[in-house]
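Beneath this line is the structure, given in structure tokens, with notes to follow.
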Amino acid sequence: MSADSRRDSIAVAITGASGALYAIRTLAALLERRCHIELIVTEYGRRLLRDELGETAAVEKLGDYLAARYGEGVHRGTFTLYSNRDLGAKIASGSQDCRAMVIIPCSMKTLAGIAHGLSRTLTERAADVMLKERRTLVIVPRETPMSLPQLRNMVLCAEAGALVMPAMPAFYQMPKTLDDLADFMAGKILSAIGFPHDLYPRWGS
Ligand SMILES: Cc1cc2nc3c(=O)[nH]c(=O)nc-3n(C[C@H](O)[C@H](O)[C@H](O)COP(=O)(O)O)c2cc1C
């Protein structure tokens with residue numbers, strides 16, 4: 001899919017933590033809202049897409065997979081896929097025009113790299129750019145239990161300005177399916193980066 005300068009550009013990184021369903025629901029919701037996605041899928045992110053969703057969700061077929069699962073509305077948006085090794089990609093630069101970046105799910109390894117400003121991979125570098133440019137960075141970590149270094153890395157990211165939003169869907173919405181849980185996380189992320197949505201019922205409604 002090709003980029004269009006009039007679209008809202010959002011960077012999304014999928015890393016090798018469990019929770020591929022959260023990632024694809026968030027991607028589909030952004031595409032339905034006409035976004036252009038600058039997409040990074042790490043080596044282990046690619047593996048987790050296939051392990052948790054099946055071969056049809058392999059990164060090379062992601063556009064077709066999203067359309068089959070969530071409907072043709074995903075074609076309202078576009079995405080460009082980058083290698084996590086491509087430190088020359090445009091999202092590695094502060095001059096890029098993404099107003100927000102979402103890392104979903106975020107492995108403890110990538111979390112550590114961001115917390116310490118290492119910029120070894122495109123995901124880490126693009127996240128570093130969001131922090132230095134004071135733009136919105138949403139990190140969705142997934143691990144349990146967490147070690148003290150992992151907890152400290154979340155604090156470091158929050159202190160640097162990231163929004164740390166662990167993959168912890170709520171149950172007061174009475175979810176019935178895994179898709180309900182994914183809708184909840186995708187909805188929280190959309191709210192955090194300023195998109196209206198009805199992915200889950202509001203409390204009290
Ligand atoms: C099946 C599988 C599940 C994994 N789940 C997690 C997880 O939930 N959280 C995590 O931090 N790492 C998890 N890992 C380990 C990461 O994939 C590993 O640390 C990897 O190096 C992360 O690299 P990346 O951040 O570049 O994707 C998992 C690995 C595999 C193979």
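Each chain in the structure tokens gets a letter, A, B and so on, in the order shown; residues start at 1 in every chain, and ligands are counted from 1 in the order they appear.
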Grab me every residue within 9 Å of ligand 1, counting only C-alpha atoms and all ligand atoms, and send it over as a PDB file with N, CA and C atoms, in the first residue's frame.
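Contents of out_19.pdb, freshly written:
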```pdb
ATOM      1  N   ILE A  14       5.579  -3.943  15.961  1.00  0.00           N
ATOM      2  CA  ILE A  14       5.119  -5.208  16.544  1.00  0.00           C
ATOM      3  C   ILE A  14       6.372  -5.992  16.918  1.00  0.00           C
ATOM      4  N   THR A  15       6.581  -6.267  18.199  1.00  0.00           N
ATOM      5  CA  THR A  15       7.788  -6.984  18.625  1.00  0.00           C
ATOM      6  C   THR A  15       7.413  -8.390  19.109  1.00  0.00           C
ATOM      7  N   GLY A  16       8.445  -9.128  19.545  1.00  0.00           N
ATOM      8  CA  GLY A  16       8.251 -10.543  19.843  1.00  0.00           C
ATOM      9  C   GLY A  16       7.735 -10.853  21.230  1.00  0.00           C
ATOM     10  N   ALA A  17       6.722 -10.134  21.685  1.00  0.00           N
ATOM     11  CA  ALA A  17       6.030 -10.499  22.929  1.00  0.00           C
ATOM     12  C   ALA A  17       4.682 -11.108  22.557  1.00  0.00           C
ATOM     13  N   SER A  18       4.119 -11.855  23.463  1.00  0.00           N
ATOM     14  CA  SER A  18       2.815 -12.457  23.204  1.00  0.00           C
ATOM     15  C   SER A  18       1.759 -11.346  23.083  1.00  0.00           C
ATOM     16  N   GLY A  19       0.748 -11.594  22.233  1.00  0.00           N
ATOM     17  CA  GLY A  19      -0.318 -10.590  22.091  1.00  0.00           C
ATOM     18  C   GLY A  19      -0.439 -10.054  20.679  1.00  0.00           C
ATOM     19  N   VAL A  41       7.959  -4.659  11.933  1.00  0.00           N
ATOM     20  CA  VAL A  41       7.697  -5.934  12.614  1.00  0.00           C
ATOM     21  C   VAL A  41       9.057  -6.584  12.846  1.00  0.00           C
ATOM     22  N   THR A  42       9.421  -6.771  14.101  1.00  0.00           N
ATOM     23  CA  THR A  42      10.748  -7.326  14.397  1.00  0.00           C
ATOM     24  C   THR A  42      10.788  -8.801  13.997  1.00  0.00           C
ATOM     25  N   GLU A  43      11.983  -9.366  14.021  1.00  0.00           N
ATOM     26  CA  GLU A  43      12.132 -10.773  13.635  1.00  0.00           C
ATOM     27  C   GLU A  43      11.224 -11.655  14.500  1.00  0.00           C
ATOM     28  N   TYR A  44      11.245 -11.445  15.814  1.00  0.00           N
ATOM     29  CA  TYR A  44      10.393 -12.264  16.683  1.00  0.00           C
ATOM     30  C   TYR A  44       8.934 -11.816  16.630  1.00  0.00           C
ATOM     31  N   GLY A  45       8.706 -10.584  16.264  1.00  0.00           N
ATOM     32  CA  GLY A  45       7.326 -10.135  16.017  1.00  0.00           C
ATOM     33  C   GLY A  45       6.721 -10.911  14.859  1.00  0.00           C
ATOM     34  N   ARG A  46       7.526 -11.125  13.813  1.00  0.00           N
ATOM     35  CA  ARG A  46       7.061 -11.919  12.659  1.00  0.00           C
ATOM     36  C   ARG A  46       6.720 -13.336  13.097  1.00  0.00           C
ATOM     37  N   ARG A  47       7.569 -13.894  13.949  1.00  0.00           N
ATOM     38  CA  ARG A  47       7.316 -15.260  14.419  1.00  0.00           C
ATOM     39  C   ARG A  47       6.024 -15.329  15.239  1.00  0.00           C
ATOM     40  N   LEU A  48       5.834 -14.352  16.132  1.00  0.00           N
ATOM     41  CA  LEU A  48       4.643 -14.375  16.999  1.00  0.00           C
ATOM     42  C   LEU A  48       3.347 -14.166  16.210  1.00  0.00           C
ATOM     43  N   ASP A  51       2.823 -17.677  14.922  1.00  0.00           N
ATOM     44  CA  ASP A  51       2.569 -18.632  16.012  1.00  0.00           C
ATOM     45  C   ASP A  51       1.184 -18.429  16.621  1.00  0.00           C
ATOM     46  N   GLU A  52       0.770 -17.183  16.796  1.00  0.00           N
ATOM     47  CA  GLU A  52      -0.471 -16.921  17.542  1.00  0.00           C
ATOM     48  C   GLU A  52      -1.696 -16.767  16.641  1.00  0.00           C
ATOM     49  N   ASN A  84      13.400  -4.086  10.742  1.00  0.00           N
ATOM     50  CA  ASN A  84      13.873  -3.530  12.018  1.00  0.00           C
ATOM     51  C   ASN A  84      15.365  -3.220  11.974  1.00  0.00           C
ATOM     52  N   PRO A 105       2.690  -5.731  20.630  1.00  0.00           N
ATOM     53  CA  PRO A 105       3.118  -5.721  22.015  1.00  0.00           C
ATOM     54  C   PRO A 105       4.606  -5.366  22.073  1.00  0.00           C
ATOM     55  N   CYS A 106       5.050  -4.922  23.248  1.00  0.00           N
ATOM     56  CA  CYS A 106       6.461  -4.532  23.394  1.00  0.00           C
ATOM     57  C   CYS A 106       7.180  -5.553  24.263  1.00  0.00           C
ATOM     58  N   SER A 107       8.195  -6.190  23.702  1.00  0.00           N
ATOM     59  CA  SER A 107       8.981  -7.177  24.467  1.00  0.00           C
ATOM     60  C   SER A 107       9.823  -6.456  25.518  1.00  0.00           C
ATOM     61  N   MET A 108      10.241  -7.231  26.507  1.00  0.00           N
ATOM     62  CA  MET A 108      11.102  -6.675  27.563  1.00  0.00           C
ATOM     63  C   MET A 108      12.457  -6.264  26.998  1.00  0.00           C
ATOM     64  N   LYS A 109      12.875  -6.931  25.911  1.00  0.00           N
ATOM     65  CA  LYS A 109      14.157  -6.565  25.282  1.00  0.00           C
ATOM     66  C   LYS A 109      14.063  -5.191  24.639  1.00  0.00           C
ATOM     67  N   THR A 110      13.011  -4.989  23.847  1.00  0.00           N
ATOM     68  CA  THR A 110      12.860  -3.679  23.195  1.00  0.00           C
ATOM     69  C   THR A 110      12.590  -2.595  24.237  1.00  0.00           C
ATOM     70  N   LEU A 111      11.798  -2.932  25.265  1.00  0.00           N
ATOM     71  CA  LEU A 111      11.557  -1.975  26.358  1.00  0.00           C
ATOM     72  C   LEU A 111      12.889  -1.514  26.957  1.00  0.00           C
ATOM     73  N   GLY A 113      15.844  -1.540  25.597  1.00  0.00           N
ATOM     74  CA  GLY A 113      16.596  -0.719  24.643  1.00  0.00           C
ATOM     75  C   GLY A 113      16.097   0.719  24.603  1.00  0.00           C
ATOM     76  N   THR A 121      18.116  -0.710  16.953  1.00  0.00           N
ATOM     77  CA  THR A 121      17.229  -1.195  15.887  1.00  0.00           C
ATOM     78  C   THR A 121      16.343  -0.035  15.448  1.00  0.00           C
ATOM     79  N   THR A 123      13.108   0.060  15.551  1.00  0.00           N
ATOM     80  CA  THR A 123      12.080   0.277  16.590  1.00  0.00           C
ATOM     81  C   THR A 123      12.634   1.150  17.708  1.00  0.00           C
ATOM     82  N   PRO A 141       3.752  -3.018  27.020  1.00  0.00           N
ATOM     83  CA  PRO A 141       4.601  -4.143  27.406  1.00  0.00           C
ATOM     84  C   PRO A 141       3.774  -5.376  27.763  1.00  0.00           C
ATOM     85  N   ARG A 142       4.361  -6.557  27.549  1.00  0.00           N
ATOM     86  CA  ARG A 142       3.682  -7.797  27.965  1.00  0.00           C
ATOM     87  C   ARG A 142       4.702  -8.776  28.507  1.00  0.00           C
ATOM     88  N   GLU A 143       4.613  -9.014  29.786  1.00  0.00           N
ATOM     89  CA  GLU A 143       5.410 -10.058  30.450  1.00  0.00           C
ATOM     90  C   GLU A 143       4.792 -10.268  31.822  1.00  0.00           C
ATOM     91  N   THR A 144       4.899 -11.470  32.345  1.00  0.00           N
ATOM     92  CA  THR A 144       4.468 -11.687  33.719  1.00  0.00           C
ATOM     93  C   THR A 144       5.116 -12.941  34.272  1.00  0.00           C
TER      94      THR A 144
END
```
Any chance you could list, as an NGL selection string, the residues in stretch 42-203 of chain A that come up strand (DSSP E or B) when DSSP is run on the backbone?
:A and (78-82 or 100-106 or 136-141 or 163-164)
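Nearest to A:Ala186 of all the residues A:Arg34, A:Arg134, A:Arg25, A:Arg76 is A:Arg25, based on only C-alpha atoms.
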With stretch 26-29 of chain A as the partner and 12 Å as the cut-off, tabulate the residues of stretch 73-98 of chain A that qualify, each row holding the nearest pair of atoms and their distance in Å to one decimal, using only C-alpha atoms, sorted by chain and rising number, as CSV.
```
residue,atom,partner,partner_atom,distance
A:Gly73,CA,A:Ala28,CA,8.4
A:Val74,CA,A:Ala28,CA,5.7
A:His75,CA,A:Ala28,CA,9.2
A:Arg76,CA,A:Ala28,CA,10.0
A:Gly77,CA,A:Ala28,CA,8.7
A:Thr78,CA,A:Leu27,CA,10.2
A:Phe79,CA,A:Leu27,CA,9.4
```
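Of the listed residues (A:Gln150, A:Val138, A:Gly71, A:Ala127), A:Gln150 comes nearest to A:Ala112; the distances count only C-alpha atoms.
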Sel. of helix (DSSP H, G or I) residues, stretch 10-197 of chain A, as a PyMOL selection string:
chain A and resi 20-32+43-53+55-57+59-70+72-76+90-92+108-115+122-132+148-159+178-192
Set the distance at 6 Å and use only C-alpha atoms: which residues neighbour stretch 157-172 of chain A once local chain neighbours fewer than 3 positions away are removed? I'd like the list as an MDAnalysis selection string.
chainID A and resid 115 137:142 154 181 185
Output C-alpha atoms for every residue in the selection just made, as a short mmCIF file (atom, residue, chain, number, x, y, z; two decimals), in the first residue's frame.
```
data_model
loop_
_atom_site.label_atom_id
_atom_site.label_comp_id
_atom_site.auth_asym_id
_atom_site.auth_seq_id
_atom_site.Cartn_x
_atom_site.Cartn_y
_atom_site.Cartn_z
CA ALA A 115 14.62 2.81 28.42
CA LEU A 137 5.01 7.25 22.33
CA VAL A 138 2.70 4.47 23.55
CA ILE A 139 4.43 1.33 24.85
CA VAL A 140 2.31 -1.79 25.43
CA PRO A 141 4.60 -4.14 27.41
CA ARG A 142 3.68 -7.80 27.97
CA MET A 154 9.01 0.94 32.48
CA LEU A 181 -10.28 -8.14 24.85
CA MET A 185 -6.79 -2.58 24.22
#
```
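Compared by their closest atoms to A:Gly88, and using only C-alpha atoms, the residues A:Leu21, A:Ile40, A:Leu122, A:Leu178 rank with A:Leu122 nearest.
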Taking only residues of stretch 35-70 of chain A that have an atom at most 10 Å from an atom of stretch 8-11 of chain A, what is each one's shortest atom pair and its distance in Å to one decimal, using only C-alpha atoms, in chain and number order, as a tab-separated table?
```
residue	atom	partner	partner_atom	distance
A:Cys35	CA	A:Asp8	CA	4.9
A:His36	CA	A:Ser9	CA	4.7
A:Ile37	CA	A:Ile10	CA	5.1
A:Glu38	CA	A:Ala11	CA	4.5
A:Leu39	CA	A:Ala11	CA	5.9
A:Ile40	CA	A:Ala11	CA	7.9
```
Name all residues at most 8 Å from A:Leu49 (count only C-alpha atoms; drop same-chain ones fewer than 5 positions away) and give them as a PyMOL selection string.
chain A and resi 20+54+57-59
